[in-house]
Each structure stands twice: as structure tokens, then as C-alpha cells.
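Encoded as C-alpha cells, the structure appears first; notes follow it.
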Amino acid sequence: MAYVILQDACIACGTCREECPSAAVVESAGKFRITDECIECAACLESCPSGAVIDG
């Protein structure tokens with residue numbers, strides 16, 4: 001999995017989930033995380049307003 005969401009930086013806006021074409025972003029405990037379904041398209045990375053998504 002190439003992308004991860006930094007939980008401390010995530011503002012739980014859901015933009016990453018909305019932009020993900022493979023439904024790889026899921027909500028967990030009020031924050032979002034990227035699952036193994038990620039196709040590494042970078043849509044989440046480019047759309048995150050808080051910079052919480054990183055190429056990990």
C-alpha cells in the first residue's frame with residue numbers, strides 16, 4: 001500500500017473517501033484509513049486539504 005493517512009493530521013472531512021475510485025478509504029474511529037484495495041492512483045493524496053495523506 002503506497003499511501004497512508006496520518007491520524008494526527010486527519011481532520012475527518014471525508015474528501016479522500018469521496019475521491020477514491022476504488023473505495024479503498026474507509027472510516028474507522030472517526031478518522032479515515034486506506035485499505036489494501038488501494039490502486040495507488042493518488043486521488044486521496046491530491047485531494048486532502050490537511051496534508052494527512054502521504055506516500056508511505
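Residue numbering restarts at 1 in every chain; chains get A, B, ... in the order shown in the C-alpha cells, and ligands count up from 1 in that same order.
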Val26 in chain A surroundings by only C-alpha atoms, 8 Å radius, close-in-sequence under 3 positions cut, as a PDB file with C-alpha atoms, in the first residue's frame:
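Final file, around.pdb:
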ATOM      1  CA  ARG A  17     -13.080   8.792   0.592  1.00  0.00           C
ATOM      2  CA  ALA A  23     -13.403   2.572  -2.365  1.00  0.00           C
ATOM      3  CA  PHE A  32     -10.105   7.563   7.763  1.00  0.00           C
ATOM      4  CA  ARG A  33      -7.642   4.883   6.699  1.00  0.00           C
ATOM      5  CA  ILE A  34      -6.568   3.337   3.408  1.00  0.00           C
ATOM      6  CA  THR A  35      -7.138  -0.378   2.876  1.00  0.00           C
TER       7      THR A  35
END
Please provide the set of residues having any atom within 7 Å of range 38-46 of chain A, restricted to only C-alpha atoms, with same-chain residues fewer than 4 positions apart removed, written as a VMD selection string. chain A and resid 1 to 2 16 19 to 20 22 24 34 53 to 54
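Among the residues of chain A, backbone DSSP assigns strand (DSSP E or B) to Tyr3, Val4, Ile5, Val25, Val26, Glu27, Ser28, Lys31, Phe32, Arg33, Ile34, Val53, Ile54 and Asp55 of chain A.
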Please measure the separation of CA of Ile11 in chain A and CA of Ser28 in chain A, giving the value in Å to one decimal.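 Taking CA of Ile11 in chain A and CA of Ser28 in chain A, their separation equals 12.8 Å.
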What is the CA of Ala52 in chain A to CA of Asp36 in chain A distance in Å?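 That distance, rounded to one decimal, is 18.0 Å.
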Between CA of Ser50 in chain A and CA of Cys10 in chain A - distance in Å to one decimal: 6.7 Å
Per DSSP on the backbone, what are the helix (DSSP H, G or I) residues of chain A, as a count of residues only? 10
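The shortest atom-to-atom distance to Leu6 in chain A, with only C-alpha atoms taken into account, belongs to A:Gly51 out of A:Gly51, A:Glu37, A:Glu27, A:Pro21.
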